[in-house]
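Shown next: work-v6.pdb, given as PDB, C-alpha atoms, pLDDT in the B column.
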```
MODEL        1
ATOM      1  CA  MET A   5       0.000   0.000   0.000  1.00 69.00           C
ATOM      2  CA  ARG A   6       2.746   2.410   0.945  1.00 78.00           C
ATOM      3  CA  ARG A   7       4.598   1.617  -2.271  1.00 77.00           C
ATOM      4  CA  GLU A   8       1.528   2.496  -4.382  1.00 77.00           C
ATOM      5  CA  VAL A   9       1.181   5.833  -2.592  1.00 69.00           C
ATOM      6  CA  VAL A  10       4.808   6.666  -3.331  1.00 68.00           C
ATOM      7  CA  ILE A  11       4.398   5.717  -7.022  1.00 75.00           C
ATOM      8  CA  ILE A  12       1.202   7.774  -7.305  1.00 76.00           C
ATOM      9  CA  GLY A  13       2.966  10.703  -5.607  1.00 71.00           C
ATOM     10  CA  ILE A  14       5.900  10.486  -8.013  1.00 77.00           C
ATOM     11  CA  LEU A  15       3.567  10.296 -11.034  1.00 71.00           C
ATOM     12  CA  ALA A  16       1.575  13.274  -9.761  1.00 68.00           C
ATOM     13  CA  ALA A  17       4.784  15.270  -9.246  1.00 66.00           C
ATOM     14  CA  VAL A  18       5.984  14.396 -12.747  1.00 66.00           C
ATOM     15  CA  LEU A  19       2.607  15.380 -14.213  1.00 65.00           C
ATOM     16  CA  VAL A  20       2.489  18.703 -12.353  1.00 63.00           C
ATOM     17  CA  GLY A  21       6.132  19.380 -13.202  1.00 59.00           C
ATOM     18  CA  GLY A  22       5.468  18.592 -16.855  1.00 57.00           C
ATOM     19  CA  LEU A  23       2.490  20.949 -16.970  1.00 54.00           C
ATOM     20  CA  VAL A  24       4.452  23.751 -15.317  1.00 55.00           C
ATOM     21  CA  CYS A  25       7.422  23.260 -17.643  1.00 52.00           C
ATOM     22  CA  SER A  26       5.212  23.133 -20.730  1.00 49.00           C
ATOM     23  CA  THR A  27       3.748  26.558 -19.922  1.00 53.00           C
ATOM     24  CA  VAL A  28       7.094  28.286 -19.379  1.00 63.00           C
ATOM     25  CA  PHE A  29       9.323  26.216 -21.650  1.00 77.00           C
ATOM     26  CA  ILE A  30       9.730  27.770 -25.101  1.00 86.00           C
ATOM     27  CA  ALA A  31      10.118  24.969 -27.646  1.00 88.00           C
ATOM     28  CA  TYR A  32      10.857  27.234 -30.625  1.00 90.00           C
ATOM     29  CA  THR A  33      10.889  30.879 -31.679  1.00 91.00           C
ATOM     30  CA  ASP A  34       9.864  32.213 -35.079  1.00 93.00           C
ATOM     31  CA  ARG A  35      12.205  35.072 -35.975  1.00 94.00           C
ATOM     32  CA  ALA A  36      12.108  37.657 -38.764  1.00 94.00           C
ATOM     33  CA  PHE A  37      14.486  40.482 -39.683  1.00 95.00           C
ATOM     34  CA  ILE A  38      14.440  43.407 -42.087  1.00 95.00           C
ATOM     35  CA  CYS A  39      17.482  45.024 -43.646  1.00 96.00           C
ATOM     36  CA  GLU A  40      16.956  48.709 -43.027  1.00 95.00           C
ATOM     37  CA  ASN A  41      19.351  49.562 -45.875  1.00 96.00           C
ATOM     38  CA  THR A  42      17.662  47.520 -48.624  1.00 97.00           C
ATOM     39  CA  GLY A  43      14.217  46.437 -47.413  1.00 96.00           C
ATOM     40  CA  SER A  44      15.086  42.737 -47.811  1.00 97.00           C
ATOM     41  CA  ARG A  45      13.605  40.371 -45.247  1.00 97.00           C
ATOM     42  CA  LYS A  46      14.679  37.040 -43.789  1.00 98.00           C
ATOM     43  CA  GLY A  47      13.677  34.709 -41.022  1.00 97.00           C
ATOM     44  CA  CYS A  48      13.795  31.265 -39.501  1.00 97.00           C
ATOM     45  CA  ARG A  49      12.528  29.047 -36.721  1.00 96.00           C
ATOM     46  CA  GLU A  50      15.005  28.610 -33.851  1.00 95.00           C
ATOM     47  CA  TRP A  51      14.591  25.563 -31.634  1.00 94.00           C
ATOM     48  CA  PHE A  52      15.485  25.476 -27.938  1.00 91.00           C
ATOM     49  CA  PHE A  53      18.422  23.130 -28.661  1.00 93.00           C
ATOM     50  CA  GLY A  54      19.995  25.581 -31.142  1.00 93.00           C
ATOM     51  CA  ALA A  55      18.874  24.216 -34.519  1.00 96.00           C
ATOM     52  CA  GLN A  56      17.382  26.514 -37.173  1.00 96.00           C
ATOM     53  CA  THR A  57      14.712  25.382 -39.626  1.00 96.00           C
ATOM     54  CA  ARG A  58      12.288  27.019 -42.050  1.00 96.00           C
ATOM     55  CA  ASN A  59      14.891  29.531 -43.211  1.00 97.00           C
ATOM     56  CA  TRP A  60      13.554  32.047 -45.729  1.00 97.00           C
ATOM     57  CA  TYR A  61      14.916  35.103 -47.534  1.00 98.00           C
ATOM     58  CA  ASN A  62      13.071  37.708 -49.622  1.00 97.00           C
ATOM     59  CA  MET A  63      15.560  39.844 -51.522  1.00 98.00           C
ATOM     60  CA  SER A  64      14.231  43.300 -52.396  1.00 97.00           C
ATOM     61  CA  GLU A  65      14.662  44.869 -55.824  1.00 98.00           C
ATOM     62  CA  LEU A  66      16.926  47.450 -54.183  1.00 98.00           C
ATOM     63  CA  GLU A  67      19.246  44.731 -52.903  1.00 98.00           C
ATOM     64  CA  LYS A  68      19.229  43.024 -56.315  1.00 98.00           C
ATOM     65  CA  PHE A  69      20.261  46.330 -57.895  1.00 98.00           C
ATOM     66  CA  MET A  70      23.000  46.940 -55.326  1.00 98.00           C
ATOM     67  CA  GLN A  71      24.323  43.359 -55.688  1.00 97.00           C
ATOM     68  CA  ALA A  72      24.461  43.733 -59.467  1.00 97.00           C
ATOM     69  CA  THR A  73      25.917  47.234 -59.752  1.00 97.00           C
ATOM     70  CA  HIS A  74      27.387  48.429 -56.440  1.00 96.00           C
ATOM     71  CA  ARG A  75      28.323  45.280 -54.529  1.00 96.00           C
ATOM     72  CA  ASP A  76      31.255  47.086 -52.901  1.00 96.00           C
ATOM     73  CA  LEU A  77      28.956  49.729 -51.350  1.00 95.00           C
ATOM     74  CA  MET A  78      26.229  47.436 -50.071  1.00 96.00           C
ATOM     75  CA  VAL A  79      26.080  46.720 -46.363  1.00 97.00           C
ATOM     76  CA  HIS A  80      23.210  44.977 -44.567  1.00 97.00           C
ATOM     77  CA  ARG A  81      21.713  46.428 -41.386  1.00 95.00           C
ATOM     78  CA  TRP A  82      19.476  43.638 -40.076  1.00 95.00           C
ATOM     79  CA  THR A  83      16.951  44.488 -37.368  1.00 91.00           C
ATOM     80  CA  SER A  84      14.612  42.013 -35.724  1.00 90.00           C
ATOM     81  CA  TYR A  85      10.919  42.702 -36.154  1.00 89.00           C
ATOM     82  CA  MET A  86       9.515  39.391 -34.920  1.00 89.00           C
ATOM     83  CA  GLY A  87      10.528  36.975 -32.197  1.00 86.00           C
ATOM     84  CA  THR A  88       7.498  34.884 -31.265  1.00 85.00           C
ATOM     85  CA  GLY A  89       8.240  32.034 -28.877  1.00 85.00           C
ATOM     86  CA  HIS A  90       5.932  29.012 -28.792  1.00 83.00           C
ATOM     87  CA  SER A  91       5.533  26.707 -25.811  1.00 81.00           C
ATOM     88  CA  LEU A  92       4.471  23.074 -25.888  1.00 77.00           C
ATOM     89  CA  ILE A  93       0.867  24.043 -25.149  1.00 75.00           C
ATOM     90  CA  PRO A  94      -0.833  25.510 -28.233  1.00 74.00           C
ATOM     91  CA  GLY A  95      -1.743  29.160 -27.862  1.00 69.00           C
ATOM     92  CA  LEU A  96       0.838  29.989 -25.197  1.00 65.00           C
ATOM     93  CA  ARG A  97       3.393  32.405 -26.664  1.00 69.00           C
ATOM     94  CA  ASN A  98       5.816  35.111 -25.753  1.00 70.00           C
ATOM     95  CA  PHE A  99       6.801  38.023 -27.956  1.00 70.00           C
ATOM     96  CA  GLY A 100      10.014  39.972 -28.369  1.00 69.00           C
ATOM     97  CA  HIS A 101      11.657  41.876 -31.168  1.00 68.00           C
ATOM     98  CA  GLY A 102      13.769  44.854 -32.077  1.00 69.00           C
ATOM     99  CA  ARG A 103      12.555  48.219 -33.235  1.00 72.00           C
ATOM    100  CA  PRO A 104      13.129  48.743 -36.955  1.00 74.00           C
ATOM    101  CA  GLU A 105      12.674  52.278 -38.183  1.00 73.00           C
ATOM    102  CA  SER A 106      10.131  53.440 -40.749  1.00 81.00           C
ATOM    103  CA  ILE A 107      11.055  50.960 -43.481  1.00 87.00           C
ATOM    104  CA  LEU A 108       9.057  48.224 -41.740  1.00 86.00           C
ATOM    105  CA  ILE A 109       5.737  49.957 -42.556  1.00 85.00           C
ATOM    106  CA  LEU A 110       6.562  49.914 -46.268  1.00 88.00           C
ATOM    107  CA  PRO A 111       5.038  46.852 -47.944  1.00 90.00           C
ATOM    108  CA  PRO A 112       7.714  44.930 -49.876  1.00 94.00           C
ATOM    109  CA  ALA A 113       5.697  45.085 -53.118  1.00 93.00           C
ATOM    110  CA  SER A 114       5.401  48.879 -52.864  1.00 92.00           C
ATOM    111  CA  LEU A 115       9.148  49.238 -52.346  1.00 94.00           C
ATOM    112  CA  ASP A 116       9.894  46.933 -55.286  1.00 96.00           C
ATOM    113  CA  GLU A 117       7.484  48.817 -57.578  1.00 95.00           C
ATOM    114  CA  HIS A 118       9.024  52.132 -56.557  1.00 95.00           C
ATOM    115  CA  VAL A 119      12.575  50.877 -57.107  1.00 96.00           C
ATOM    116  CA  ALA A 120      11.592  49.547 -60.543  1.00 96.00           C
ATOM    117  CA  SER A 121      10.403  53.039 -61.517  1.00 95.00           C
ATOM    118  CA  LEU A 122      13.723  54.704 -60.617  1.00 96.00           C
ATOM    119  CA  SER A 123      16.791  55.362 -62.736  1.00 97.00           C
ATOM    120  CA  GLU A 124      20.074  53.770 -61.661  1.00 97.00           C
ATOM    121  CA  ASP A 125      21.084  57.047 -60.000  1.00 97.00           C
ATOM    122  CA  GLY A 126      17.703  57.172 -58.243  1.00 97.00           C
ATOM    123  CA  LYS A 127      18.154  53.623 -56.927  1.00 97.00           C
ATOM    124  CA  LEU A 128      21.607  54.429 -55.599  1.00 97.00           C
ATOM    125  CA  GLU A 129      20.289  57.619 -53.983  1.00 97.00           C
ATOM    126  CA  LEU A 130      17.493  55.616 -52.312  1.00 97.00           C
ATOM    127  CA  TYR A 131      19.992  53.070 -50.964  1.00 98.00           C
ATOM    128  CA  ARG A 132      22.184  55.868 -49.611  1.00 97.00           C
ATOM    129  CA  LEU A 133      19.170  57.475 -47.947  1.00 97.00           C
ATOM    130  CA  PHE A 134      18.185  54.203 -46.248  1.00 96.00           C
ATOM    131  CA  ALA A 135      21.807  53.534 -45.242  1.00 96.00           C
ATOM    132  CA  SER A 136      22.086  57.032 -43.734  1.00 95.00           C
ATOM    133  CA  ALA A 137      19.737  55.992 -40.887  1.00 91.00           C
ATOM    134  CA  ASP A 138      18.242  59.514 -41.007  1.00 94.00           C
ATOM    135  CA  ASP A 139      14.803  58.423 -39.842  1.00 91.00           C
ATOM    136  CA  ASP A 140      13.099  61.770 -40.531  1.00 94.00           C
ATOM    137  CA  ALA A 141      14.277  61.851 -44.145  1.00 95.00           C
ATOM    138  CA  ILE A 142      13.536  58.140 -44.573  1.00 94.00           C
ATOM    139  CA  ARG A 143      10.044  58.563 -43.125  1.00 93.00           C
ATOM    140  CA  LYS A 144       9.325  61.406 -45.581  1.00 94.00           C
ATOM    141  CA  ARG A 145      10.478  59.297 -48.537  1.00 94.00           C
ATOM    142  CA  ILE A 146       8.489  56.274 -47.384  1.00 93.00           C
ATOM    143  CA  ASN A 147       5.382  58.423 -47.058  1.00 91.00           C
ATOM    144  CA  VAL A 148       5.886  59.545 -50.675  1.00 90.00           C
ATOM    145  CA  ILE A 149       6.274  55.906 -51.774  1.00 90.00           C
ATOM    146  CA  VAL A 150       3.189  54.771 -49.836  1.00 87.00           C
ATOM    147  CA  ASP A 151       1.132  57.730 -51.094  1.00 85.00           C
ATOM    148  CA  GLY A 152       2.163  56.863 -54.667  1.00 76.00           C
ATOM    149  CA  ALA A 153       1.152  53.239 -54.147  1.00 65.00           C
ATOM    150  CA  MET A 154      -2.197  54.338 -52.697  1.00 64.00           C
ATOM    151  CA  ASP A 155      -2.786  56.656 -55.665  1.00 63.00           C
ATOM    152  CA  GLY A 156      -2.228  53.689 -57.969  1.00 55.00           C
ATOM    153  CA  ILE A 157      -4.788  51.634 -56.060  1.00 52.00           C
ATOM    154  CA  GLU A 158      -7.323  54.489 -56.196  1.00 50.00           C
ATOM    155  CA  HIS A 159      -6.834  54.847 -59.962  1.00 44.00           C
ATOM    156  CA  GLU A 160      -7.256  51.097 -60.467  1.00 49.00           C
ATOM    157  CA  THR A 161     -10.572  51.119 -58.593  1.00 45.00           C
ATOM    158  CA  ASP A 162     -11.749  54.229 -60.456  1.00 48.00           C
ATOM    159  CA  ASP A 163     -11.404  52.343 -63.748  1.00 51.00           C
ATOM    160  CA  LYS A 164     -13.600  49.468 -62.650  1.00 50.00           C
ATOM    161  CA  PRO A 165     -17.403  49.610 -63.203  1.00 50.00           C
TER     162      PRO A 165
ENDMDL
END
```
Translate the structure described by the file into structure tokens.
Amino acid sequence: MRREVVIIGILAAVLVGGLVCSTVFIAYTDRAFICENTGSRKGCREWFFGAQTRNWYNMSELEKFMQATHRDLMVHRWTSYMGTGHSLIPGLRNFGHGRPESILILPPASLDEHVASLSEDGKLELYRLFASADDDAIRKRINVIVDGAMDGIEHETDDKP
């Protein structure tokens, strides 16, 4: 009888310990970064034991241009914008990330369309602006890009019956 009580006590302790650990133990973290100089994005899933899976990379048109024509000038400035940790119990998460500047609000497609419309000198000037880290000037330029993208959307909807 005493032996069964001890076994039941051990099992109960293991069960309670497992439940507690599963709520605080982060099994993996989904991470994402943006290059504040080019607008490129990358990310991965990092597991608690150090492995990385689900690696992805979205190269912006600005980075493609810089790689092709000014490789010697291009420098990445990666900033985290997502770090969502997932526990063993579905729905339990923790959040943490860096603080990218204004470029994060610019949709990648809008940046790529804008870059495609620029001359080579214009593309280089845009890269230099982003690389300057002058957030006020960058914010003004991004607002112009976003406003231009919104104008395009408004014109597309005006043409439809």
For a quick check of understanding, using only C-alpha atoms, which of A:Leu115, A:Leu130, A:Ile149, A:Ile107 has the smallest distance to Met63 (chain A)?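 Closest residue, counting only C-alpha atoms: A:Leu115.
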If we count all atoms listed in the file and set the cut-off at 9 Å, which residues sit around Ile142 (chain A), ignoring sequence neighbours fewer than 3 positions away in its own chain? Please answer as a ChimeraX atom specification. /A:105-107,133-134,136-139,145-147
If you apply the PyMOL selection byres ((chain A and resi 53) around 12) to this file, what residues do you get, as a ChimeraX atom specification? /A:29-33,49-52,54-57
Run the PyMOL selection byres ((chain A and resi 64-78) around 9) against the file shown and list the residues it catches, as a ChimeraX atom specification. /A:41-45,62-63,79-80,112-113,115-117,119-120,124,127-128,130-131,135
Radius query 9 Å about (15.3, 28.5, -44.6), atoms used: all atoms listed in the file, as a list in words: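 Collected hits near the coordinates: Lys46, Gly47, Cys48, Arg49, Gln56, Thr57, Arg58, Asn59, Trp60 and Tyr61 of chain A.
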Which value, in Å to one decimal, gives the distance between CA of Gly87 (chain A) and CA of Pro111 (chain A)?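 So the two atoms, CA of Gly87 (chain A) and CA of Pro111 (chain A), lie 19.4 Å apart.
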